[in-house]
file protein-v2.txt (compact mmCIF, C-alpha atoms)
# COMPACT_ATOMS: atom_id res chain seq x y z
CA MET A 64 62.20 -22.32 58.85
CA SER A 65 62.23 -26.11 59.04
CA THR A 66 59.21 -27.71 60.67
CA ILE A 67 57.60 -31.06 61.30
CA PRO A 68 54.41 -30.86 59.22
CA ASP A 69 52.11 -32.78 61.54
CA GLN A 70 52.99 -30.47 64.40
CA LEU A 71 51.43 -27.45 62.70
CA HIS A 72 47.86 -28.69 62.85
CA SER A 73 45.55 -29.22 65.78
CA LEU A 74 44.60 -32.85 66.23
CA ARG A 75 40.99 -33.91 66.63
CA HIS A 76 40.09 -36.62 69.06
CA PRO A 77 37.46 -39.14 67.93
CA LEU A 78 35.17 -37.94 70.72
CA GLU A 79 35.37 -34.28 69.85
CA PRO A 80 32.02 -32.83 68.79
CA ASP A 81 31.24 -29.15 68.42
CA ALA A 82 31.05 -28.60 72.14
CA SER A 83 31.41 -25.67 74.45
CA PRO A 84 34.84 -24.98 76.02
CA ASP A 85 33.47 -26.13 79.39
CA SER A 86 33.18 -29.69 78.05
CA GLN A 87 36.62 -29.86 76.51
CA VAL A 88 40.12 -30.52 77.74
CA LEU A 89 42.72 -28.52 75.80
CA ILE A 90 46.23 -29.97 75.86
CA ALA A 91 49.16 -28.42 74.01
CA ARG A 92 52.01 -30.68 72.97
CA GLN A 93 55.43 -29.73 71.64
CA ALA A 94 57.84 -32.16 70.07
CA ILE A 95 61.35 -32.89 71.29
CA VAL A 96 63.41 -34.09 68.32
CA ASP A 97 66.73 -35.87 67.86
CA GLU A 98 69.66 -35.00 65.60
CA ASN A 99 67.80 -36.51 62.64
CA ARG A 100 64.71 -34.42 63.45
CA ALA A 101 62.76 -37.54 64.35
CA VAL A 102 60.35 -37.09 67.26
CA PHE A 103 61.92 -38.31 70.50
CA GLY A 104 59.11 -37.27 72.86
CA TYR A 105 56.42 -34.69 73.55
CA GLU A 106 56.08 -32.11 76.30
CA LEU A 107 52.46 -31.59 77.35
CA PHE A 108 50.88 -28.40 78.68
CA ASP A 109 47.36 -27.85 80.02
CA ARG A 110 45.67 -25.06 78.06
CA SER A 111 42.12 -25.59 79.33
CA THR A 112 42.31 -22.43 81.45
CA PRO A 113 43.89 -19.29 79.96
CA GLY A 114 46.76 -17.99 82.00
CA GLN A 115 46.78 -21.06 84.22
CA THR A 116 49.73 -21.40 86.57
CA TYR A 117 51.23 -24.70 87.63
CA THR A 118 49.96 -26.10 90.92
CA ALA A 119 49.90 -29.58 92.43
CA ASP A 120 46.22 -29.81 91.45
CA SER A 121 46.85 -28.71 87.86
CA ASP A 122 49.69 -31.25 87.54
CA ALA A 123 47.35 -34.03 88.62
CA ALA A 124 44.57 -32.75 86.37
CA LEU A 125 46.85 -32.64 83.32
CA LEU A 126 47.98 -36.19 83.88
CA VAL A 127 44.52 -37.65 84.45
CA ASN A 128 43.11 -35.67 81.51
CA ALA A 129 45.87 -36.84 79.18
CA LEU A 130 45.24 -40.44 80.17
CA SER A 131 41.47 -40.46 80.62
CA PHE A 132 39.98 -37.86 78.33
CA THR A 133 42.10 -38.05 75.19
CA ASP A 134 43.22 -40.69 72.79
CA ILE A 135 46.73 -41.05 74.20
CA GLU A 136 47.90 -42.91 71.09
CA THR A 137 46.84 -39.98 68.90
CA LEU A 138 48.33 -37.54 71.37
CA VAL A 139 51.84 -38.99 71.78
CA GLY A 140 51.94 -42.41 70.08
CA LYS A 141 54.69 -44.55 71.59
CA LYS A 142 56.91 -41.57 72.45
CA LEU A 143 57.96 -40.36 75.88
CA VAL A 144 55.71 -37.84 77.62
CA PHE A 145 57.41 -34.92 79.38
CA ILE A 146 55.18 -33.30 82.02
CA ASN A 147 56.01 -30.27 84.15
CA CYS A 148 55.64 -30.86 87.88
CA THR A 149 55.57 -28.67 90.92
CA LEU A 150 57.70 -29.84 93.82
CA GLU A 151 54.51 -30.35 95.83
CA SER A 152 52.96 -32.66 93.25
CA LEU A 153 55.93 -35.07 93.31
CA ALA A 154 54.46 -36.64 96.44
CA GLY A 155 51.01 -36.82 94.88
CA GLY A 156 49.11 -40.08 94.63
CA HIS A 157 48.33 -39.43 90.95
CA LEU A 158 51.79 -40.72 90.04
CA GLU A 159 50.76 -44.15 91.32
CA LEU A 160 48.35 -44.34 88.39
CA VAL A 161 51.04 -43.88 85.73
CA HIS A 162 53.31 -46.42 84.14
CA PRO A 163 56.74 -44.83 84.85
CA ASP A 164 58.25 -46.03 81.57
CA LYS A 165 55.95 -43.63 79.72
CA VAL A 166 56.58 -40.40 81.63
CA VAL A 167 59.47 -38.01 82.25
CA LEU A 168 58.83 -35.62 85.12
CA GLU A 169 60.18 -32.10 84.56
CA VAL A 170 61.20 -30.94 88.03
CA PRO A 171 61.83 -27.27 88.86
CA PRO A 172 64.58 -26.06 91.19
CA VAL A 173 63.89 -25.38 94.85
CA PRO A 174 62.90 -21.75 95.54
CA GLY A 175 65.87 -20.12 97.24
CA SER A 176 67.95 -23.29 96.69
CA THR A 177 68.48 -23.83 100.41
CA PRO A 178 70.61 -26.92 101.18
CA GLU A 179 67.98 -28.34 103.56
CA ASP A 180 65.15 -28.09 101.03
CA ILE A 181 67.30 -29.48 98.22
CA ALA A 182 68.23 -32.48 100.40
CA SER A 183 64.64 -33.14 101.48
CA HIS A 184 63.38 -33.10 97.90
CA ALA A 185 66.23 -35.38 96.86
CA LEU A 186 64.71 -38.08 99.10
CA VAL A 187 61.36 -37.77 97.28
CA LEU A 188 63.11 -37.92 93.91
CA GLU A 189 65.13 -40.98 94.92
CA ASP A 190 61.94 -42.78 95.89
CA LEU A 191 60.32 -41.96 92.55
CA ARG A 192 63.47 -43.03 90.72
CA LYS A 193 63.31 -46.42 92.45
CA ARG A 194 59.77 -46.76 91.12
CA GLY A 195 61.08 -46.25 87.59
CA PHE A 196 60.43 -42.56 86.92
CA ARG A 197 62.89 -40.41 85.03
CA PHE A 198 63.54 -36.72 85.59
CA ALA A 199 64.37 -33.69 83.50
CA PHE A 200 65.94 -30.71 85.27
CA ASN A 201 66.84 -27.27 83.99
CA HIS A 202 70.38 -25.86 84.10
CA THR A 203 70.06 -25.09 87.83
CA VAL A 204 70.84 -28.75 88.57
CA LEU A 205 74.37 -28.03 87.32
CA THR A 206 74.93 -25.26 89.85
CA ARG A 207 76.29 -25.33 93.39
CA GLY A 208 74.19 -27.24 95.93
CA TYR A 209 72.41 -29.64 93.54
CA ALA A 210 75.00 -32.44 93.48
CA SER A 211 72.50 -34.84 95.13
CA TRP A 212 70.08 -34.28 92.23
CA ARG A 213 72.58 -34.73 89.39
CA ALA A 214 72.85 -38.49 89.76
CA LEU A 215 69.07 -38.67 89.32
CA ALA A 216 68.99 -36.69 86.09
CA SER A 217 67.98 -38.48 82.91
CA PHE A 218 67.72 -35.18 81.03
CA VAL A 219 69.04 -31.67 81.50
CA LYS A 220 67.20 -28.95 79.60
CA LEU A 221 69.14 -25.83 78.64
CA ASP A 222 66.81 -22.91 77.97
CA LEU A 223 68.43 -20.69 75.33
CA MET A 224 66.17 -17.80 76.34
CA ALA A 225 67.31 -18.00 79.96
CA LEU A 226 71.04 -18.61 79.46
CA LYS A 227 73.56 -16.16 78.06
CA PRO A 228 75.05 -17.60 74.84
CA GLU A 229 78.56 -17.73 76.30
CA LEU A 230 77.36 -19.94 79.18
CA VAL A 231 75.82 -22.71 77.06
CA LEU A 232 79.05 -24.51 76.18
CA PRO A 233 80.41 -24.49 79.78
CA PHE A 234 77.10 -25.95 80.99
CA VAL A 235 77.25 -28.64 78.29
CA LYS A 236 80.79 -29.58 79.28
CA PHE A 237 79.93 -29.67 82.98
CA ALA A 238 76.81 -31.79 82.37
CA THR A 239 78.77 -34.22 80.22
CA ALA A 240 81.47 -34.59 82.86
CA ASN A 241 79.26 -34.76 85.94
CA THR A 242 76.04 -36.47 84.89
CA THR A 243 74.84 -39.31 82.69
CA ALA A 244 71.95 -37.17 81.49
CA GLN A 245 71.01 -36.44 77.90
CA ILE A 246 71.04 -32.71 77.15
CA ILE A 247 68.00 -31.06 75.55
CA ALA A 248 68.40 -27.60 74.07
CA GLU A 249 65.03 -25.87 74.28
CA LYS A 250 63.65 -22.71 72.64
CA VAL A 251 65.78 -23.22 69.57
CA GLU A 252 64.52 -20.68 67.04
CA SER A 253 67.03 -20.55 64.20
CA ALA A 254 69.21 -22.68 61.95
CA GLU A 255 72.28 -20.90 63.29
CA GLN A 256 71.42 -21.85 66.87
CA HIS A 257 70.80 -25.45 65.85
CA GLN A 258 74.11 -25.69 64.00
CA LEU A 259 76.06 -24.22 66.93
CA LEU A 260 74.37 -26.51 69.46
CA THR A 261 75.06 -29.54 67.30
CA SER A 262 78.75 -28.60 67.27
CA TYR A 263 78.62 -28.69 71.09
CA GLY A 264 77.51 -32.33 70.91
CA ILE A 265 73.84 -31.74 71.80
CA LYS A 266 71.54 -34.30 70.16
CA LEU A 267 68.06 -33.41 71.44
CA PHE A 268 66.23 -30.20 70.62
CA GLN A 269 62.96 -28.40 71.27
CA GLY A 270 61.77 -25.11 69.86
CA TYR A 271 59.79 -23.25 67.24
CA TRP A 272 62.42 -23.87 64.57
CA PHE A 273 61.45 -27.55 64.66
CA ALA A 274 57.80 -27.51 65.65
CA LYS A 275 55.22 -25.16 67.08
CA PRO A 276 52.96 -26.54 69.81
CA ALA A 277 49.83 -28.30 68.55
CA LEU A 278 46.56 -28.00 70.42
CA VAL A 279 44.70 -31.23 71.10
CA LYS A 280 41.04 -31.00 72.03
CA ALA A 281 39.24 -33.83 73.76
CA GLN A 282 35.59 -34.14 74.74
CA THR A 283 35.12 -34.94 78.41
CA VAL A 284 32.44 -37.12 79.95
CA ARG A 285 32.36 -36.23 83.62
CA PRO A 286 30.46 -38.21 86.24
CA SER A 287 28.59 -36.31 88.93
CA GLN A 288 30.59 -35.40 91.99
CA ALA A 289 27.96 -37.11 94.15
CA THR A 290 28.62 -40.43 92.41
CA ILE A 291 32.37 -40.01 92.67
CA LEU A 292 31.99 -39.32 96.39
CA GLN A 293 29.99 -42.53 96.73
CA LEU A 294 32.83 -44.42 95.09
CA ILE A 295 35.41 -42.81 97.36
CA ASN A 296 33.35 -43.70 100.43
CA LEU A 297 32.99 -47.30 99.29
CA VAL A 298 36.74 -47.59 98.81
CA ARG A 299 37.47 -46.00 102.17
CA LYS A 300 35.16 -48.55 103.82
CA GLN A 301 37.03 -51.30 101.94
CA ALA A 302 33.85 -52.41 100.25
CA THR A 303 33.77 -55.63 98.29
CA THR A 304 34.41 -55.80 94.58
CA THR A 305 30.73 -56.63 94.11
CA GLU A 306 29.61 -53.47 95.96
CA ILE A 307 31.95 -51.28 93.90
CA GLU A 308 30.85 -52.98 90.70
CA GLU A 309 27.24 -52.20 91.58
CA LEU A 310 28.05 -48.49 91.87
CA LEU A 311 29.84 -48.54 88.51
CA LYS A 312 26.76 -50.12 86.99
CA ARG A 313 24.64 -47.24 88.25
CA ASP A 314 26.57 -44.47 86.49
CA PRO A 315 27.46 -44.98 82.81
CA THR A 316 29.83 -42.00 82.74
CA LEU A 317 31.80 -43.28 85.74
CA SER A 318 32.21 -46.75 84.30
CA PHE A 319 33.02 -45.32 80.86
CA ASN A 320 35.83 -43.20 82.32
CA LEU A 321 37.22 -46.12 84.31
CA LEU A 322 37.42 -48.45 81.32
CA ARG A 323 38.91 -45.74 79.14
CA PHE A 324 41.50 -44.88 81.79
CA ILE A 325 42.61 -48.40 82.63
CA ASN A 326 43.01 -49.25 78.94
CA SER A 327 45.08 -46.17 78.11
CA SER A 328 48.68 -46.86 77.15
CA GLY A 329 49.85 -44.75 80.06
CA PHE A 330 48.53 -47.35 82.46
CA GLY A 331 50.88 -49.91 80.96
CA LEU A 332 48.69 -53.03 80.68
CA ASN A 333 49.33 -55.56 77.94
CA CYS A 334 45.71 -56.65 77.60
CA GLU A 335 42.38 -54.86 77.32
CA ILE A 336 40.08 -54.74 80.34
CA THR A 337 36.46 -55.05 79.31
CA SER A 338 34.47 -55.64 82.51
CA PHE A 339 33.88 -53.43 85.53
CA ARG A 340 34.76 -56.24 87.93
CA HIS A 341 38.06 -56.92 86.18
CA ALA A 342 38.90 -53.20 86.21
CA VAL A 343 38.29 -52.98 89.96
CA MET A 344 40.38 -56.10 90.62
CA ILE A 345 43.26 -54.87 88.43
CA LEU A 346 43.35 -51.42 90.04
CA GLY A 347 42.92 -52.51 93.64
CA LEU A 348 41.41 -50.30 96.32
CA GLN A 349 44.37 -47.95 96.71
CA LYS A 350 44.68 -47.06 93.04
CA LEU A 351 40.91 -46.94 92.66
CA PHE A 352 40.83 -44.37 95.46
CA ARG A 353 43.54 -42.32 93.76
CA TRP A 354 41.69 -42.42 90.46
CA ALA A 355 38.38 -41.41 92.05
CA ALA A 356 40.01 -38.59 93.98
CA LEU A 357 41.63 -37.28 90.81
CA LEU A 358 38.36 -37.52 88.96
CA MET A 359 36.75 -35.49 91.72
CA THR A 360 39.38 -32.73 91.49
CA THR A 361 39.09 -32.49 87.71
CA SER A 362 35.29 -32.64 87.64
CA ARG A 363 33.39 -29.38 87.20
CA GLY A 364 30.19 -30.70 88.73
CA ASP A 365 26.89 -32.02 87.50
CA LYS A 366 26.15 -29.17 85.09
CA ASP A 367 28.81 -30.39 82.67
CA GLY A 368 27.62 -33.98 82.48
CA PRO A 369 24.76 -35.44 80.50
CA GLY A 370 21.28 -34.63 81.70
CA PRO A 371 19.82 -36.72 84.52
CA VAL A 372 17.05 -38.11 82.31
CA VAL A 373 19.57 -39.49 79.82
CA GLY A 374 21.64 -41.07 82.57
CA GLN A 375 18.60 -42.66 84.21
CA THR A 376 17.35 -44.01 80.88
CA ALA A 377 20.74 -45.59 80.23
CA VAL A 378 20.78 -47.18 83.67
CA VAL A 379 17.25 -48.56 83.22
CA ARG A 380 18.28 -50.02 79.86
CA GLY A 381 21.28 -51.71 81.40
CA LYS A 382 19.37 -53.20 84.32
CA LEU A 383 16.47 -54.34 82.16
CA MET A 384 18.80 -56.04 79.68
CA GLU A 385 20.65 -57.72 82.55
CA LEU A 386 17.40 -59.03 84.05
CA LEU A 387 16.08 -60.29 80.71
CA ALA A 388 19.38 -61.95 79.81
CA ALA A 389 19.44 -63.71 83.19
CA GLU A 390 16.47 -65.77 82.01
CA MET A 391 18.60 -67.64 79.46
CA LEU A 392 22.24 -66.52 79.25
CA ALA A 393 25.43 -67.19 81.22
CA PRO A 394 26.51 -64.72 83.97
CA GLU A 395 29.24 -63.25 81.77
CA ASP A 396 26.70 -62.56 79.03
CA CYS A 397 24.42 -60.93 81.61
CA ASP A 398 27.25 -58.57 82.56
CA ASN A 399 27.77 -57.75 78.90
CA ALA A 400 24.03 -57.17 78.52
CA PHE A 401 24.20 -54.51 81.22
CA VAL A 402 27.13 -52.82 79.48
CA VAL A 403 25.24 -52.80 76.18
CA GLY A 404 22.31 -51.09 77.85
CA VAL A 405 24.20 -48.34 79.64
CA PHE A 406 26.58 -47.61 76.76
CA SER A 407 23.84 -47.63 74.12
CA MET A 408 23.23 -43.97 74.92
CA LEU A 409 26.81 -42.73 74.76
CA ASP A 410 26.03 -40.98 71.49
CA VAL A 411 23.42 -38.87 73.28
CA MET A 412 25.72 -38.23 76.22
CA LEU A 413 28.62 -37.14 74.03
CA GLY A 414 26.79 -35.63 71.10
CA VAL A 415 28.71 -37.75 68.57
CA PRO A 416 27.90 -40.90 66.58
CA LEU A 417 27.99 -44.03 68.69
CA ALA A 418 30.80 -45.58 66.63
CA LYS A 419 33.07 -42.63 67.44
CA ALA A 420 32.13 -42.72 71.10
CA LEU A 421 33.04 -46.39 71.36
CA GLU A 422 36.47 -45.91 69.75
CA SER A 423 37.96 -44.72 73.03
CA VAL A 424 36.85 -47.53 75.34
CA ALA A 425 37.64 -51.24 75.22
CA LEU A 426 34.56 -53.45 75.07
CA PRO A 427 34.01 -57.17 74.39
CA GLN A 428 33.14 -58.09 70.82
CA PRO A 429 29.58 -59.24 71.69
CA VAL A 430 28.94 -55.80 73.16
CA LEU A 431 30.29 -54.05 70.06
CA ASP A 432 28.29 -56.35 67.79
CA ALA A 433 25.08 -55.46 69.60
CA LEU A 434 25.76 -51.73 69.79
CA LEU A 435 27.21 -51.10 66.35
CA HIS A 436 25.71 -53.80 64.14
CA ARG A 437 22.64 -54.95 66.07
CA THR A 438 23.89 -58.50 65.70
CA GLY A 439 24.81 -61.30 68.06
CA VAL A 440 23.19 -62.81 71.10
CA LEU A 441 22.66 -59.47 72.87
CA ALA A 442 21.07 -57.55 69.99
CA PRO A 443 17.50 -58.87 70.51
CA PHE A 444 17.62 -57.85 74.18
CA LEU A 445 18.59 -54.32 73.19
CA ALA A 446 15.78 -54.17 70.63
CA LEU A 447 13.28 -55.42 73.21
CA THR A 448 14.49 -52.89 75.76
CA GLU A 449 14.13 -50.03 73.30
CA ALA A 450 10.64 -51.26 72.40
CA CYS A 451 9.71 -51.10 76.08
CA GLU A 452 10.83 -47.46 76.17
CA SER A 453 9.15 -46.37 72.97
CA GLY A 454 5.94 -48.37 73.32
CA ASN A 455 6.47 -50.00 69.93
CA ASP A 456 4.04 -52.91 70.29
CA GLU A 457 4.98 -54.57 67.01
CA VAL A 458 8.71 -54.79 67.77
CA PHE A 459 7.95 -55.70 71.38
CA ALA A 460 5.75 -58.64 70.39
CA ARG A 461 8.09 -59.91 67.68
CA THR A 462 11.27 -59.68 69.78
CA ALA A 463 9.74 -61.10 72.96
CA GLU A 464 8.43 -64.07 70.99
CA ALA A 465 11.83 -64.68 69.41
CA LEU A 466 13.41 -64.68 72.87
CA HIS A 467 10.64 -66.90 74.28
CA LEU A 468 9.80 -64.28 76.89
CA SER A 469 6.23 -63.65 77.97
CA ASN A 470 4.70 -60.21 78.32
CA LYS A 471 4.51 -60.82 82.05
CA GLN A 472 8.23 -61.61 82.29
CA VAL A 473 9.26 -58.53 80.33
CA ASN A 474 6.89 -56.17 82.12
CA TRP A 475 7.93 -57.45 85.52
CA ALA A 476 11.62 -57.04 84.63
CA HIS A 477 10.91 -53.52 83.36
CA LEU A 478 9.22 -52.58 86.61
CA GLN A 479 12.15 -53.99 88.57
CA ALA A 480 14.62 -52.02 86.45
CA LEU A 481 12.65 -48.80 86.89
CA ALA A 482 12.39 -49.33 90.64
CA TRP A 483 16.11 -50.10 90.88
CA ALA A 484 17.00 -46.95 88.95
CA GLU A 485 14.77 -44.90 91.24
CA THR A 486 16.59 -46.15 94.33
CA LEU A 487 19.87 -44.89 92.88
CA GLY A 488 18.78 -41.28 93.13
CA ALA A 489 17.34 -41.64 96.61
call {"tool": "encode", "arguments": {"input": "protein-v2.txt", "output": "structure tokens"}}
result
Amino acid sequence: MSTIPDQLHSLRHPLEPDASPDSQVLIARQAIVDENRAVFGYELFDRSTPGQTYTADSDAALLVNALSFTDIETLVGKKLVFINCTLESLAGGHLELVHPDKVVLEVPPVPGSTPEDIASHALVLEDLRKRGFRFAFNHTVLTRGYASWRALASFVKLDLMALKPELVLPFVKFATANTTAQIIAEKVESAEQHQLLTSYGIKLFQGYWFAKPALVKAQTVRPSQATILQLINLVRKQATTTEIEELLKRDPTLSFNLLRFINSSGFGLNCEITSFRHAVMILGLQKLFRWAALLMTTSRGDKDGPGPVVGQTAVVRGKLMELLAAEMLAPEDCDNAFVVGVFSMLDVMLGVPLAKALESVALPQPVLDALLHRTGVLAPFLALTEACESGNDEVFARTAEALHLSNKQVNWAHLQALAWAETLGA
């Protein structure tokens, strides 16, 4: 049996500690290869729940998990992503969050194949096609009644387990004559099948003979549902960017997920977004609402997130650093100081070294310098903040003096930060 070696091993995401299944997203991927056995794309399957059936919610969850909770470059590189969809999920808002150049939607036939239902779904497909999405259909699209879908087909998948061998060639000929789609032979399990299919002119293949599915595990960092609801309510009220930014500052896991999502390759940006305000402005209220709603549907609740004490400590750190930096640094540096504070505890939240945690989120270099190397303009503020927490008088005195901050200034800022953090849980 010929195989692609890297497909036979599970991949480990940089954020994957030894965690319980409840804190992991499990995504299976299977390669689609060309005539030279080079990887053309990957089909993704959600394997987080054994025996899971496809629903509109599971479609949305798979997409947001693939983009937000895994290293998408490790998962699929620059290749196309094929994702199974239910007919119901085609109208879902989650597709607004995806760069259409990256994704091929695998669309099932209409149950019963009634002309009215086929026509109504064709309108949805045409709208998605105008937005740049491509579709893969199974052999049913080549049968009577689906003529309106054929012009929309970028790929037609022929399932060798579902089709009688004598029907494959007629379907190939019909697809070649009546569509512009590329044909993918799936469930290819032998050299003999591959050779025969190649003689039919098929150039794309999927099946165990080429590659078995690989399981990709990714550690999740899920904000509390209460915080997500707050974000949704702010967006619904058309709150200002400043108000939304304030909420993001209050919950490190929420802001972490947002930055990781917006910087994933599936979102299609050409530059890295490193500030909460910029992320909100880039997304806009509509897409921010979609993202928050998806995060709510894929969240399992507070019990899966980091403990409340850890989250509050991180928030206090961020606010204290922001207040101290405001005494002498520019506004942009104050924003970065807050980020340093809240993300300085990601290692505790994720249970992995901080360097690994930071690999999956884009941050400004001054922030990385402070967090990873304890260097740069923000490092002394982090050291002073930690000294306030631990009661280390020696470090406190030395660092405060270096920053030309009095005990009164630091203590007052610390009290303000503690009070501010308390109001967040009210």
call {"tool": "atom_distance", "arguments": {"input": "protein-v2.txt", "atom1": "CA of His341 (chain A)", "atom2": "CA of Pro427 (chain A)"}}
result
12.5 Å
call {"tool": "residues_around", "arguments": {"input": "protein-v2.txt", "residues": "Phe268 (chain A)", "least_positions_apart": "5", "cutoff": "6 Å", "atoms": "only C-alpha atoms", "output": "JSON, numbers by chain"}}
result
{"A": [95, 96, 247, 248, 249]}
call {"tool": "write_last_selection", "arguments": {"input": "protein-v2.txt", "atoms": "C-alpha atoms", "output": "PDB file, in the frame of the given file"}}
result
ATOM      1  CA  ILE A  95      61.350 -32.890  71.290  1.00  0.00           C
ATOM      2  CA  VAL A  96      63.410 -34.090  68.320  1.00  0.00           C
ATOM      3  CA  ILE A 247      68.000 -31.060  75.550  1.00  0.00           C
ATOM      4  CA  ALA A 248      68.400 -27.600  74.070  1.00  0.00           C
ATOM      5  CA  GLU A 249      65.030 -25.870  74.280  1.00  0.00           C
TER       6      GLU A 249
END
call {"tool": "residues_around", "arguments": {"input": "protein-v2.txt", "residues": "Pro429 (chain A)", "least_positions_apart": "4", "cutoff": "12 Å", "atoms": "all atoms listed in the file", "output": "list in words"}}
result
Thr337, Glu395, Asp396, Cys397, Asp398, Asn399, Ala400, Phe401, Val402, Val403, Ala425, Ala433, Leu434, Leu435, His436, Arg437, Thr438, Gly439, Val440, Leu441 and Ala442 of chain A
call {"tool": "closest_residue", "arguments": {"input": "protein-v2.txt", "among": "A:Trp475, A:Tyr105, A:Trp483, A:Phe324", "to": "Lys275 (chain A)", "atoms": "only C-alpha atoms"}}
result
A:Tyr105
call {"tool": "atom_distance", "arguments": {"input": "protein-v2.txt", "atom1": "CA of Phe198 (chain A)", "atom2": "CA of Phe218 (chain A)"}}
result
6.4 Å
call {"tool": "closest_residue", "arguments": {"input": "protein-v2.txt", "among": "A:Glu159, A:Glu106, A:Glu179, A:Asp164", "to": "Ile90 (chain A)", "atoms": "only C-alpha atoms"}}
result
A:Glu106
call {"tool": "residues_around", "arguments": {"input": "protein-v2.txt", "residues": "Leu447 (chain A)", "least_positions_apart": "3", "cutoff": "7 Å", "atoms": "only C-alpha atoms", "output": "short mmCIF file (atom, residue, chain, number, x, y, z; two decimals) with C-alpha atoms, in the coordinates of the input"}}
result
data_model
loop_
_atom_site.label_atom_id
_atom_site.label_comp_id
_atom_site.auth_asym_id
_atom_site.auth_seq_id
_atom_site.Cartn_x
_atom_site.Cartn_y
_atom_site.Cartn_z
CA PRO A 443 17.50 -58.87 70.51
CA PHE A 444 17.62 -57.85 74.18
CA ALA A 450 10.64 -51.26 72.40
CA CYS A 451 9.71 -51.10 76.08
CA PHE A 459 7.95 -55.70 71.38
CA THR A 462 11.27 -59.68 69.78
CA ALA A 463 9.74 -61.10 72.96
#
call {"tool": "closest_residue", "arguments": {"input": "protein-v2.txt", "among": "A:Gln349, A:Ala355, A:Thr242, A:Val298", "to": "Leu321 (chain A)", "atoms": "all atoms listed in the file"}}
result
A:Ala355
call {"tool": "atom_distance", "arguments": {"input": "protein-v2.txt", "atom1": "CA of Leu150 (chain A)", "atom2": "CA of Pro172 (chain A)"}}
result
8.3 Å
call {"tool": "residues_around", "arguments": {"input": "protein-v2.txt", "residues": "region 251-257 of chain A", "least_positions_apart": "2", "cutoff": "12 Å", "atoms": "all atoms listed in the file", "output": "ChimeraX atom specification"}}
result
/A:64-66,94-100,220-225,228,231,247-249,259-275
call {"tool": "closest_residue", "arguments": {"input": "protein-v2.txt", "among": "A:Leu153, A:Ala377, A:Ile307, A:Leu226", "to": "Leu351 (chain A)", "atoms": "all atoms listed in the file"}}
result
A:Ile307
call {"tool": "residues_around", "arguments": {"input": "protein-v2.txt", "residues": "Leu478 (chain A)", "least_positions_apart": "6", "cutoff": "12 Å", "atoms": "only C-alpha atoms", "output": "list in words"}}
result
Val379, Arg380, Lys382, Leu383, Leu386, Leu387, Cys451, Glu452, Lys471, Gln472, Ala484 and Glu485 of chain A
call {"tool": "closest_residue", "arguments": {"input": "protein-v2.txt", "among": "A:Ile181, A:Leu468, A:Leu392, A:Leu317", "to": "Tyr209 (chain A)", "atoms": "all atoms listed in the file"}}
result
A:Ile181
call {"tool": "decode", "arguments": {"input": "protein-v2.txt", "residues": "region 398-411 of chain A", "atoms": "C-alpha atoms", "output": "compact mmCIF listing (two decimals), in the first residue's frame"}}
result
# COMPACT_ATOMS: atom_id res chain seq x y z
CA ASP A 398 -2.40 49.33 25.66
CA ASN A 399 0.53 46.97 25.24
CA ALA A 400 1.15 47.08 28.98
CA PHE A 401 -2.38 45.84 29.58
CA VAL A 402 -1.87 42.99 27.10
CA VAL A 403 1.38 41.99 28.82
CA GLY A 404 -0.42 41.80 32.14
CA VAL A 405 -3.40 39.72 31.05
CA PHE A 406 -1.40 37.37 28.83
CA SER A 407 1.37 36.86 31.39
CA MET A 408 -0.72 34.08 32.92
CA LEU A 409 -1.55 32.17 29.75
CA ASP A 410 0.82 29.42 30.82
CA VAL A 411 -1.29 28.86 33.94
